[in-house]
$ cat start_8.cif   # mmCIF, N, CA and C atoms
data_entry
#
loop_
_atom_site.label_atom_id
_atom_site.label_comp_id
_atom_site.auth_asym_id
_atom_site.auth_seq_id
_atom_site.Cartn_x
_atom_site.Cartn_y
_atom_site.Cartn_z
N ILE A 1152 19.97 -32.86 39.71
CA ILE A 1152 19.77 -32.51 38.31
C ILE A 1152 19.54 -31.01 38.16
N ARG A 1153 18.66 -30.45 39.02
CA ARG A 1153 18.36 -29.02 38.92
C ARG A 1153 19.61 -28.18 39.19
N GLY A 1154 20.37 -28.56 40.22
CA GLY A 1154 21.60 -27.83 40.53
C GLY A 1154 22.58 -27.88 39.37
N GLY A 1155 22.70 -29.06 38.77
CA GLY A 1155 23.58 -29.22 37.61
C GLY A 1155 23.12 -28.39 36.43
N MET A 1156 21.81 -28.33 36.25
CA MET A 1156 21.25 -27.54 35.14
C MET A 1156 21.62 -26.07 35.32
N PHE A 1157 21.39 -25.53 36.51
CA PHE A 1157 21.68 -24.11 36.73
C PHE A 1157 23.18 -23.83 36.67
N LYS A 1158 23.99 -24.77 37.15
CA LYS A 1158 25.44 -24.61 37.07
C LYS A 1158 25.89 -24.56 35.61
N GLN A 1159 25.42 -25.52 34.81
CA GLN A 1159 25.79 -25.56 33.39
C GLN A 1159 25.35 -24.28 32.66
N LEU A 1160 24.12 -23.86 32.91
CA LEU A 1160 23.62 -22.65 32.26
C LEU A 1160 24.46 -21.44 32.65
N SER A 1161 24.77 -21.33 33.93
CA SER A 1161 25.58 -20.21 34.41
C SER A 1161 26.98 -20.21 33.77
N GLU A 1162 27.58 -21.39 33.66
CA GLU A 1162 28.91 -21.50 33.03
C GLU A 1162 28.88 -21.08 31.56
N LYS A 1163 27.72 -21.18 30.94
CA LYS A 1163 27.58 -20.80 29.53
C LYS A 1163 27.08 -19.35 29.39
N GLY A 1164 27.03 -18.62 30.52
CA GLY A 1164 26.64 -17.22 30.49
C GLY A 1164 25.14 -16.99 30.44
N PHE A 1165 24.37 -18.00 30.74
CA PHE A 1165 22.91 -17.92 30.71
C PHE A 1165 22.44 -17.71 32.14
N LYS A 1166 22.07 -16.50 32.45
CA LYS A 1166 21.68 -16.14 33.81
C LYS A 1166 20.27 -16.64 34.10
N ALA A 1167 20.10 -17.30 35.24
CA ALA A 1167 18.78 -17.82 35.63
C ALA A 1167 18.45 -17.37 37.06
N LEU A 1168 17.25 -16.91 37.24
CA LEU A 1168 16.74 -16.57 38.57
C LEU A 1168 16.16 -17.84 39.16
N THR A 1169 16.65 -18.24 40.32
CA THR A 1169 16.19 -19.48 40.94
C THR A 1169 15.67 -19.19 42.34
N SER A 1170 14.84 -20.07 42.83
CA SER A 1170 14.34 -20.01 44.21
C SER A 1170 13.72 -18.66 44.54
N LEU A 1171 12.84 -18.19 43.68
CA LEU A 1171 12.18 -16.91 43.91
C LEU A 1171 11.32 -16.99 45.17
N ASN A 1172 11.68 -16.20 46.15
CA ASN A 1172 10.93 -16.16 47.40
C ASN A 1172 10.42 -14.73 47.59
N GLU A 1173 9.59 -14.32 46.67
CA GLU A 1173 9.05 -12.95 46.65
C GLU A 1173 7.54 -13.03 46.71
N HIS A 1174 6.94 -12.18 47.53
CA HIS A 1174 5.49 -12.23 47.71
C HIS A 1174 4.78 -10.95 47.28
N ASP A 1175 5.56 -9.91 47.01
CA ASP A 1175 4.97 -8.66 46.55
C ASP A 1175 4.71 -8.77 45.05
N LEU A 1176 3.44 -8.62 44.67
CA LEU A 1176 3.04 -8.84 43.28
C LEU A 1176 3.79 -7.94 42.31
N GLU A 1177 3.97 -6.69 42.64
CA GLU A 1177 4.70 -5.78 41.75
C GLU A 1177 6.13 -6.25 41.52
N ASN A 1178 6.78 -6.72 42.58
CA ASN A 1178 8.15 -7.22 42.44
C ASN A 1178 8.19 -8.50 41.61
N VAL A 1179 7.22 -9.37 41.79
CA VAL A 1179 7.17 -10.61 41.01
C VAL A 1179 7.03 -10.27 39.52
N VAL A 1180 6.08 -9.40 39.20
CA VAL A 1180 5.85 -9.01 37.80
C VAL A 1180 7.11 -8.35 37.24
N ASN A 1181 7.75 -7.51 38.02
CA ASN A 1181 8.97 -6.83 37.57
C ASN A 1181 10.09 -7.83 37.29
N LEU A 1182 10.27 -8.81 38.16
CA LEU A 1182 11.31 -9.81 37.95
C LEU A 1182 11.02 -10.65 36.70
N TYR A 1183 9.78 -11.08 36.55
CA TYR A 1183 9.42 -11.87 35.37
C TYR A 1183 9.60 -11.04 34.09
N SER A 1184 9.19 -9.78 34.12
CA SER A 1184 9.24 -8.97 32.91
C SER A 1184 10.66 -8.70 32.44
N LYS A 1185 11.63 -8.87 33.31
CA LYS A 1185 13.04 -8.70 32.92
C LYS A 1185 13.62 -9.97 32.30
N SER A 1186 12.84 -11.04 32.34
CA SER A 1186 13.32 -12.34 31.86
C SER A 1186 13.05 -12.50 30.37
N ARG A 1187 13.82 -13.37 29.73
CA ARG A 1187 13.58 -13.70 28.33
C ARG A 1187 12.56 -14.82 28.21
N VAL A 1188 12.67 -15.82 29.09
CA VAL A 1188 11.73 -16.94 29.16
C VAL A 1188 11.60 -17.38 30.60
N CYS A 1189 10.57 -18.15 30.86
CA CYS A 1189 10.43 -18.85 32.13
C CYS A 1189 10.81 -20.30 31.86
N LEU A 1190 11.78 -20.80 32.57
CA LEU A 1190 12.31 -22.13 32.34
C LEU A 1190 11.61 -23.14 33.23
N GLY A 1191 10.80 -23.98 32.61
CA GLY A 1191 10.15 -25.06 33.33
C GLY A 1191 10.94 -26.34 33.19
N THR A 1192 10.95 -27.12 34.25
CA THR A 1192 11.64 -28.41 34.21
C THR A 1192 10.86 -29.42 35.03
N SER A 1193 10.83 -30.64 34.55
CA SER A 1193 10.12 -31.69 35.26
C SER A 1193 11.01 -32.38 36.29
N SER A 1194 12.27 -31.96 36.39
CA SER A 1194 13.14 -32.54 37.41
C SER A 1194 12.71 -32.04 38.78
N ARG A 1195 12.90 -32.86 39.76
CA ARG A 1195 12.53 -32.51 41.13
C ARG A 1195 13.74 -31.98 41.88
N ALA A 1196 13.48 -31.24 42.95
CA ALA A 1196 14.57 -30.72 43.77
C ALA A 1196 15.35 -31.86 44.44
N VAL A 1197 14.69 -32.98 44.66
CA VAL A 1197 15.34 -34.17 45.21
C VAL A 1197 15.41 -35.20 44.08
N ASP A 1198 16.62 -35.62 43.74
CA ASP A 1198 16.84 -36.44 42.54
C ASP A 1198 16.13 -37.79 42.54
N ASN A 1199 15.82 -38.37 43.69
CA ASN A 1199 15.22 -39.70 43.67
C ASN A 1199 13.70 -39.66 43.52
N LEU A 1200 13.10 -38.49 43.40
CA LEU A 1200 11.66 -38.38 43.15
C LEU A 1200 11.40 -38.43 41.65
N PRO A 1201 10.23 -38.93 41.23
CA PRO A 1201 9.93 -39.00 39.80
C PRO A 1201 9.73 -37.61 39.20
N ARG A 1202 9.91 -37.51 37.89
CA ARG A 1202 9.68 -36.26 37.18
C ARG A 1202 8.21 -35.89 37.25
N GLY A 1203 7.92 -34.60 37.10
CA GLY A 1203 6.54 -34.13 37.05
C GLY A 1203 6.49 -32.65 36.77
N SER A 1204 5.39 -32.18 36.19
CA SER A 1204 5.25 -30.74 35.96
C SER A 1204 4.83 -30.09 37.27
N LYS A 1205 5.24 -28.87 37.47
CA LYS A 1205 5.03 -28.20 38.76
C LYS A 1205 3.66 -27.55 38.90
N GLY A 1206 3.04 -27.21 37.78
CA GLY A 1206 1.71 -26.61 37.90
C GLY A 1206 1.69 -25.11 37.83
N MET A 1207 0.87 -24.50 38.66
CA MET A 1207 0.49 -23.11 38.49
C MET A 1207 1.65 -22.12 38.54
N ARG A 1208 2.68 -22.40 39.30
CA ARG A 1208 3.76 -21.43 39.43
C ARG A 1208 4.36 -21.06 38.09
N ASP A 1209 4.54 -22.04 37.21
CA ASP A 1209 5.11 -21.78 35.88
C ASP A 1209 4.21 -20.88 35.04
N TRP A 1210 2.90 -20.96 35.27
CA TRP A 1210 1.95 -20.25 34.42
C TRP A 1210 1.78 -18.79 34.79
N ILE A 1211 2.56 -18.31 35.75
CA ILE A 1211 2.60 -16.87 36.05
C ILE A 1211 3.28 -16.13 34.90
N ALA A 1212 4.27 -16.77 34.30
CA ALA A 1212 5.09 -16.13 33.26
C ALA A 1212 4.28 -15.53 32.12
N PRO A 1213 3.39 -16.30 31.46
CA PRO A 1213 2.64 -15.70 30.35
C PRO A 1213 1.79 -14.50 30.78
N LEU A 1214 1.33 -14.52 32.02
CA LEU A 1214 0.55 -13.40 32.53
C LEU A 1214 1.41 -12.15 32.70
N CYS A 1215 2.72 -12.35 32.76
CA CYS A 1215 3.68 -11.24 32.84
C CYS A 1215 4.32 -10.95 31.49
N GLY A 1216 3.81 -11.59 30.42
CA GLY A 1216 4.31 -11.34 29.07
C GLY A 1216 5.54 -12.14 28.70
N ILE A 1217 5.82 -13.21 29.45
CA ILE A 1217 7.01 -14.01 29.22
C ILE A 1217 6.60 -15.42 28.80
N SER A 1218 7.27 -15.96 27.79
CA SER A 1218 6.99 -17.31 27.33
C SER A 1218 7.53 -18.35 28.30
N LEU A 1219 6.72 -19.36 28.55
CA LEU A 1219 7.14 -20.52 29.30
C LEU A 1219 7.73 -21.53 28.32
N ILE A 1220 8.92 -22.05 28.64
CA ILE A 1220 9.47 -23.18 27.90
C ILE A 1220 9.63 -24.30 28.92
N TYR A 1221 9.68 -25.53 28.44
CA TYR A 1221 9.70 -26.67 29.35
C TYR A 1221 10.48 -27.81 28.71
N ASP A 1222 10.91 -28.76 29.55
CA ASP A 1222 11.52 -29.95 28.97
C ASP A 1222 10.43 -30.84 28.38
N ASP A 1223 10.84 -31.91 27.75
CA ASP A 1223 9.92 -32.73 26.97
C ASP A 1223 9.08 -33.71 27.80
N TYR A 1224 8.64 -33.27 28.97
CA TYR A 1224 7.74 -34.06 29.81
C TYR A 1224 6.43 -34.23 29.04
N GLN A 1225 5.96 -35.45 28.90
CA GLN A 1225 4.86 -35.76 27.97
C GLN A 1225 3.60 -34.90 28.20
N GLU A 1226 3.25 -34.66 29.43
CA GLU A 1226 2.08 -33.84 29.75
C GLU A 1226 2.19 -32.44 29.12
N ILE A 1227 3.38 -31.90 29.11
CA ILE A 1227 3.62 -30.57 28.53
C ILE A 1227 3.65 -30.66 27.01
N VAL A 1228 4.34 -31.65 26.48
CA VAL A 1228 4.43 -31.83 25.03
C VAL A 1228 3.02 -31.93 24.42
N ASP A 1229 2.15 -32.67 25.09
CA ASP A 1229 0.78 -32.86 24.59
C ASP A 1229 -0.02 -31.57 24.51
N MET A 1230 0.35 -30.57 25.27
CA MET A 1230 -0.38 -29.29 25.26
C MET A 1230 -0.18 -28.54 23.95
N LYS A 1231 0.98 -28.68 23.35
CA LYS A 1231 1.31 -28.08 22.05
C LYS A 1231 1.40 -26.54 22.07
N ILE A 1232 1.35 -25.92 23.22
CA ILE A 1232 1.48 -24.46 23.27
C ILE A 1232 2.74 -24.02 24.03
N VAL A 1233 3.52 -25.01 24.47
CA VAL A 1233 4.74 -24.71 25.21
C VAL A 1233 5.93 -25.26 24.43
N PRO A 1234 6.83 -24.38 23.98
CA PRO A 1234 8.04 -24.87 23.31
C PRO A 1234 8.84 -25.74 24.27
N THR A 1235 9.36 -26.87 23.76
CA THR A 1235 10.07 -27.80 24.64
C THR A 1235 11.49 -28.04 24.17
N TYR A 1236 12.31 -28.42 25.14
CA TYR A 1236 13.68 -28.83 24.89
C TYR A 1236 13.84 -30.26 25.42
N ASP A 1237 14.83 -30.98 24.95
CA ASP A 1237 15.08 -32.34 25.42
C ASP A 1237 15.53 -32.31 26.88
N TYR A 1238 14.96 -33.19 27.67
CA TYR A 1238 15.28 -33.29 29.10
C TYR A 1238 16.79 -33.40 29.29
N GLN A 1239 17.34 -32.57 30.13
CA GLN A 1239 18.75 -32.49 30.50
C GLN A 1239 19.66 -32.04 29.36
N ASP A 1240 19.11 -31.43 28.33
CA ASP A 1240 19.93 -30.88 27.25
C ASP A 1240 20.04 -29.37 27.48
N TRP A 1241 21.02 -29.00 28.27
CA TRP A 1241 21.14 -27.59 28.70
C TRP A 1241 21.47 -26.68 27.52
N ASN A 1242 22.20 -27.17 26.54
CA ASN A 1242 22.49 -26.35 25.35
C ASN A 1242 21.21 -26.05 24.59
N GLU A 1243 20.29 -27.00 24.55
CA GLU A 1243 19.04 -26.77 23.83
C GLU A 1243 18.19 -25.69 24.50
N ILE A 1244 18.31 -25.56 25.81
CA ILE A 1244 17.60 -24.48 26.52
C ILE A 1244 18.06 -23.14 25.96
N ILE A 1245 19.35 -22.99 25.83
CA ILE A 1245 19.92 -21.74 25.33
C ILE A 1245 19.52 -21.52 23.87
N ASP A 1246 19.63 -22.56 23.05
CA ASP A 1246 19.26 -22.45 21.64
C ASP A 1246 17.78 -22.10 21.47
N LEU A 1247 16.92 -22.77 22.24
CA LEU A 1247 15.48 -22.51 22.15
C LEU A 1247 15.16 -21.09 22.59
N THR A 1248 15.76 -20.64 23.67
CA THR A 1248 15.54 -19.28 24.15
C THR A 1248 15.98 -18.27 23.10
N ASN A 1249 17.15 -18.48 22.53
CA ASN A 1249 17.66 -17.55 21.52
C ASN A 1249 16.77 -17.53 20.28
N SER A 1250 16.35 -18.70 19.81
CA SER A 1250 15.52 -18.74 18.60
C SER A 1250 14.15 -18.10 18.85
N LEU A 1251 13.59 -18.31 20.01
CA LEU A 1251 12.28 -17.69 20.32
C LEU A 1251 12.39 -16.17 20.40
N THR A 1252 13.40 -15.70 21.07
CA THR A 1252 13.50 -14.26 21.28
C THR A 1252 13.98 -13.51 20.04
N MET A 1253 14.45 -14.23 19.04
CA MET A 1253 14.84 -13.58 17.78
C MET A 1253 13.65 -13.44 16.84
N ASP A 1254 12.55 -14.12 17.11
CA ASP A 1254 11.35 -14.04 16.27
C ASP A 1254 10.21 -13.47 17.12
N GLN A 1255 10.12 -12.14 17.16
CA GLN A 1255 9.19 -11.46 18.05
C GLN A 1255 7.74 -11.84 17.78
N GLU A 1256 7.38 -12.01 16.51
CA GLU A 1256 6.00 -12.37 16.18
C GLU A 1256 5.65 -13.75 16.72
N LEU A 1257 6.54 -14.71 16.53
CA LEU A 1257 6.33 -16.06 17.06
C LEU A 1257 6.26 -16.02 18.58
N TYR A 1258 7.19 -15.31 19.19
CA TYR A 1258 7.24 -15.19 20.65
C TYR A 1258 5.93 -14.63 21.18
N ASP A 1259 5.45 -13.54 20.58
CA ASP A 1259 4.20 -12.92 21.02
C ASP A 1259 3.01 -13.85 20.85
N ASP A 1260 2.98 -14.62 19.76
CA ASP A 1260 1.90 -15.59 19.54
C ASP A 1260 1.91 -16.68 20.62
N ILE A 1261 3.09 -17.14 20.97
CA ILE A 1261 3.21 -18.17 22.01
C ILE A 1261 2.72 -17.63 23.35
N VAL A 1262 3.17 -16.44 23.71
CA VAL A 1262 2.75 -15.83 24.97
C VAL A 1262 1.23 -15.64 24.98
N LYS A 1263 0.68 -15.22 23.87
CA LYS A 1263 -0.78 -15.01 23.78
C LYS A 1263 -1.53 -16.32 24.03
N GLU A 1264 -1.10 -17.40 23.40
CA GLU A 1264 -1.75 -18.71 23.58
C GLU A 1264 -1.57 -19.22 25.01
N GLN A 1265 -0.38 -19.05 25.55
CA GLN A 1265 -0.13 -19.49 26.92
C GLN A 1265 -0.94 -18.68 27.93
N LYS A 1266 -1.05 -17.38 27.70
CA LYS A 1266 -1.84 -16.53 28.58
C LYS A 1266 -3.31 -16.96 28.55
N LYS A 1267 -3.82 -17.21 27.35
CA LYS A 1267 -5.20 -17.66 27.20
C LYS A 1267 -5.42 -18.95 28.00
N PHE A 1268 -4.51 -19.91 27.84
CA PHE A 1268 -4.61 -21.17 28.58
C PHE A 1268 -4.57 -20.93 30.08
N SER A 1269 -3.66 -20.08 30.52
CA SER A 1269 -3.51 -19.80 31.94
C SER A 1269 -4.79 -19.22 32.53
N LEU A 1270 -5.41 -18.30 31.80
CA LEU A 1270 -6.64 -17.68 32.29
C LEU A 1270 -7.84 -18.63 32.23
N GLU A 1271 -7.81 -19.58 31.30
CA GLU A 1271 -8.90 -20.55 31.19
C GLU A 1271 -8.77 -21.70 32.20
N ASN A 1272 -7.62 -21.81 32.83
CA ASN A 1272 -7.36 -22.92 33.74
C ASN A 1272 -6.89 -22.45 35.11
N THR A 1273 -7.53 -21.42 35.62
CA THR A 1273 -7.17 -20.91 36.94
C THR A 1273 -7.57 -21.94 38.01
N LEU A 1274 -7.00 -21.78 39.19
CA LEU A 1274 -7.32 -22.70 40.28
C LEU A 1274 -8.80 -22.71 40.61
N ASP A 1275 -9.41 -21.52 40.64
CA ASP A 1275 -10.83 -21.47 40.98
C ASP A 1275 -11.67 -22.21 39.95
N LYS A 1276 -11.33 -22.08 38.68
CA LYS A 1276 -12.09 -22.79 37.64
C LYS A 1276 -11.87 -24.30 37.73
N GLN A 1277 -10.67 -24.71 38.05
CA GLN A 1277 -10.40 -26.14 38.21
C GLN A 1277 -11.17 -26.71 39.40
N LEU A 1278 -11.20 -25.97 40.50
CA LEU A 1278 -11.94 -26.43 41.68
C LEU A 1278 -13.44 -26.50 41.41
N ILE A 1279 -13.97 -25.53 40.69
CA ILE A 1279 -15.39 -25.55 40.35
C ILE A 1279 -15.70 -26.79 39.52
N ASN A 1280 -14.85 -27.11 38.54
CA ASN A 1280 -15.06 -28.32 37.73
C ASN A 1280 -15.03 -29.58 38.60
N ILE A 1281 -14.11 -29.64 39.53
CA ILE A 1281 -14.02 -30.80 40.42
C ILE A 1281 -15.28 -30.89 41.27
N PHE A 1282 -15.68 -29.77 41.87
CA PHE A 1282 -16.87 -29.78 42.72
C PHE A 1282 -18.11 -30.14 41.93
N ASN A 1283 -18.21 -29.63 40.72
CA ASN A 1283 -19.38 -29.96 39.88
C ASN A 1283 -19.44 -31.46 39.59
N GLU A 1284 -18.29 -32.06 39.32
CA GLU A 1284 -18.26 -33.49 39.04
C GLU A 1284 -18.59 -34.31 40.28
N VAL A 1285 -18.09 -33.89 41.42
CA VAL A 1285 -18.24 -34.67 42.64
C VAL A 1285 -19.58 -34.40 43.35
N LEU A 1286 -19.98 -33.16 43.40
CA LEU A 1286 -21.16 -32.80 44.20
C LEU A 1286 -22.46 -32.77 43.43
N PHE A 1287 -22.38 -32.54 42.14
CA PHE A 1287 -23.65 -32.36 41.41
C PHE A 1287 -23.77 -33.43 40.38
#

$ encode --input "start_8.cif" --output "structure tokens"
Amino acid sequence: IRGGMFKQLSEKGFKALTSLNEHDLENVVNLYSKSRVCLGTSSRAVDNLPRGSKGMRDWIAPLCGISLIYDDYQEIVDMKIVPTYDYQDWNEIIDLTNSLTMDQELYDDIVKEQKKFSLENTLDKQLINIFNEVLF
């Protein structure tokens, strides 16, 4: 599914950076800052695995000033701060990206809310909450 998604997007002239294997923070920020959106998908790299959100990796984008968009995976839809597209609707990815980037005020508001969420839900804060529940 993921391969098909990137193939379809590429055929429609929508360039996507995939399989980022970069560890230098400046380079990561630079690559993200050149993007229009961060494309989240609940599809797995192996098609026979169930759908699921990937977690922290996607939330780097708002910290770099880029909006995260995602497919309509219920966990993400319930958050209400991430614009969503219908699962496997590659045209909607393009339409959503274009509509978001044409409304700078809306785009900035979304990034602001996503950044706030990202900073309020860091790994260390999540671990502290777990430890507090379990140990204390």

$ closest_residue --input "start_8.cif" --among "A:Gln1255, A:Ser1161, A:Asn1172, A:Gln1265" --to "Cys1189 (chain A)" --atoms "only C-alpha atoms"
A:Gln1265

$ atom_distance --input "start_8.cif" --atom1 "CA of Ser1170 (chain A)" --atom2 "CA of Ile1217 (chain A)"
17.7 Å

$ atom_distance --input "start_8.cif" --atom1 "atom C of Met1230 (chain A)" --atom2 "atom C of Tyr1183 (chain A)"
22.5 Å

$ residues_around --input "start_8.cif" --residues "Tyr1221 (chain A)" --least-positions-apart "6" --cutoff "8 Å" --atoms "only N, CA and C atoms" --output "list of chain:residue names"
A:Cys1189, A:Leu1190, A:Gly1191, A:Thr1192, A:Ser1193, A:Ile1227, A:Val1228, A:Val1233, A:Pro1234, A:Thr1235, A:Tyr1236, A:Asp1237, A:Tyr1238

$ select_by_dssp --input "start_8.cif" --residues "chain A" --states "strand (DSSP E or B)" --output "list in words"
Val1188, Cys1189, Leu1190, Ser1218, Leu1219, Ile1220, Tyr1221, Asp1222, Thr1235 and Tyr1236 of chain A

$ closest_residue --input "start_8.cif" --among "A:Ala1167, A:Leu1160, A:Leu1176, A:Leu1274" --to "Trp1241 (chain A)" --atoms "only N, CA and C atoms"
A:Leu1160

$ closest_residue --input "start_8.cif" --among "A:Met1156, A:Leu1270, A:Val1197, A:Ile1244" --to "Ala1212 (chain A)" --atoms "only C-alpha atoms"
A:Leu1270

$ select_by_dssp --input "start_8.cif" --residues "chain A" --states "helix (DSSP H, G or I)" --output "PyMOL selection string"
chain A and resi 1153-1162+1176-1184+1207-1214+1225-1228+1241-1253+1255-1271+1274-1286

$ atom_distance --input "start_8.cif" --atom1 "atom N of His1174 (chain A)" --atom2 "atom C of Ser1186 (chain A)"
18.2 Å

$ closest_residue --input "start_8.cif" --among "A:Asn1242, A:Gln1225, A:Ser1250, A:Ser1269" --to "Ile1211 (chain A)" --atoms "all atoms listed in the file"
A:Ser1269

$ residues_around --input "start_8.cif" --residues "Gly1216 (chain A)" --least-positions-apart "5" --cutoff "8 Å" --atoms "all atoms listed in the file" --output "VMD selection string"
chain A and resid 1183 to 1184 1186 to 1188 1211 1258 to 1259 1262 to 1263 1266

$ decode --input "start_8.cif" --residues "region 1188-1208 of chain A" --atoms "N, CA, C and O atoms" --output "CSV table (one decimal), in the first residue's frame"
chain,number,residue,atom,x,y,z
A,1188,VAL,N,4.0,19.6,3.6
A,1188,VAL,CA,3.3,18.9,4.7
A,1188,VAL,C,4.2,17.7,5.1
A,1188,VAL,O,5.0,17.2,4.3
A,1189,CYS,N,3.9,17.1,6.2
A,1189,CYS,CA,4.4,15.8,6.6
A,1189,CYS,C,3.2,14.8,6.4
A,1189,CYS,O,2.2,15.0,7.0
A,1190,LEU,N,3.4,13.8,5.6
A,1190,LEU,CA,2.4,12.9,5.2
A,1190,LEU,C,2.4,11.7,6.2
A,1190,LEU,O,3.3,10.9,6.1
A,1191,GLY,N,1.4,11.6,7.0
A,1191,GLY,CA,1.3,10.4,7.9
A,1191,GLY,C,0.3,9.5,7.3
A,1191,GLY,O,-0.7,9.8,6.6
A,1192,THR,N,0.6,8.2,7.5
A,1192,THR,CA,-0.3,7.1,7.0
A,1192,THR,C,-0.3,6.0,8.0
A,1192,THR,O,0.7,5.7,8.6
A,1193,SER,N,-1.5,5.4,8.1
A,1193,SER,CA,-1.6,4.3,9.1
A,1193,SER,C,-1.3,2.9,8.4
A,1193,SER,O,-1.3,1.9,9.0
A,1194,SER,N,-1.0,3.0,7.1
A,1194,SER,CA,-0.6,1.7,6.4
A,1194,SER,C,0.8,1.3,6.9
A,1194,SER,O,1.6,2.1,7.3
A,1195,ARG,N,1.0,0.0,7.0
A,1195,ARG,CA,2.3,-0.5,7.4
A,1195,ARG,C,3.2,-0.8,6.2
A,1195,ARG,O,2.7,-1.0,5.1
A,1196,ALA,N,4.5,-0.9,6.5
A,1196,ALA,CA,5.4,-1.3,5.4
A,1196,ALA,C,5.1,-2.7,4.9
A,1196,ALA,O,5.4,-3.0,3.7
A,1197,VAL,N,4.6,-3.5,5.7
A,1197,VAL,CA,4.2,-4.9,5.3
A,1197,VAL,C,2.7,-5.0,5.3
A,1197,VAL,O,2.0,-4.7,6.3
A,1198,ASP,N,2.1,-5.3,4.1
A,1198,ASP,CA,0.7,-5.1,3.9
A,1198,ASP,C,-0.2,-6.0,4.8
A,1198,ASP,O,-1.3,-5.7,5.0
A,1199,ASN,N,0.3,-7.1,5.3
A,1199,ASN,CA,-0.5,-8.0,6.1
A,1199,ASN,C,-0.6,-7.6,7.5
A,1199,ASN,O,-1.3,-8.3,8.3
A,1200,LEU,N,0.1,-6.6,7.9
A,1200,LEU,CA,0.0,-6.1,9.3
A,1200,LEU,C,-1.2,-5.1,9.4
A,1200,LEU,O,-1.5,-4.4,8.5
A,1201,PRO,N,-1.8,-5.0,10.6
A,1201,PRO,CA,-2.9,-4.1,10.8
A,1201,PRO,C,-2.5,-2.6,10.7
A,1201,PRO,O,-1.3,-2.3,11.0
A,1202,ARG,N,-3.4,-1.7,10.4
A,1202,ARG,CA,-3.1,-0.3,10.4
A,1202,ARG,C,-2.8,0.2,11.8
A,1202,ARG,O,-3.3,-0.4,12.8
A,1203,GLY,N,-2.1,1.3,11.8
A,1203,GLY,CA,-1.8,1.9,13.1
A,1203,GLY,C,-1.0,3.2,12.9
A,1203,GLY,O,-0.4,3.4,11.9
A,1204,SER,N,-1.1,4.1,13.9
A,1204,SER,CA,-0.4,5.4,13.8
A,1204,SER,C,1.1,5.1,14.3
A,1204,SER,O,1.3,4.2,15.1
A,1205,LYS,N,2.0,5.8,13.7
A,1205,LYS,CA,3.4,5.5,13.9
A,1205,LYS,C,4.0,6.2,15.2
A,1205,LYS,O,5.0,5.7,15.7
A,1206,GLY,N,3.4,7.2,15.6
A,1206,GLY,CA,3.9,7.8,16.9
A,1206,GLY,C,4.8,9.0,16.7
A,1206,GLY,O,4.6,9.8,15.8
A,1207,MET,N,5.8,9.1,17.5
A,1207,MET,CA,6.6,10.3,17.6
A,1207,MET,C,7.3,10.8,16.4
A,1207,MET,O,7.4,12.0,16.2
A,1208,ARG,N,7.6,9.9,15.5
A,1208,ARG,CA,8.4,10.3,14.3
A,1208,ARG,C,7.6,11.4,13.5
A,1208,ARG,O,8.1,12.4,13.0
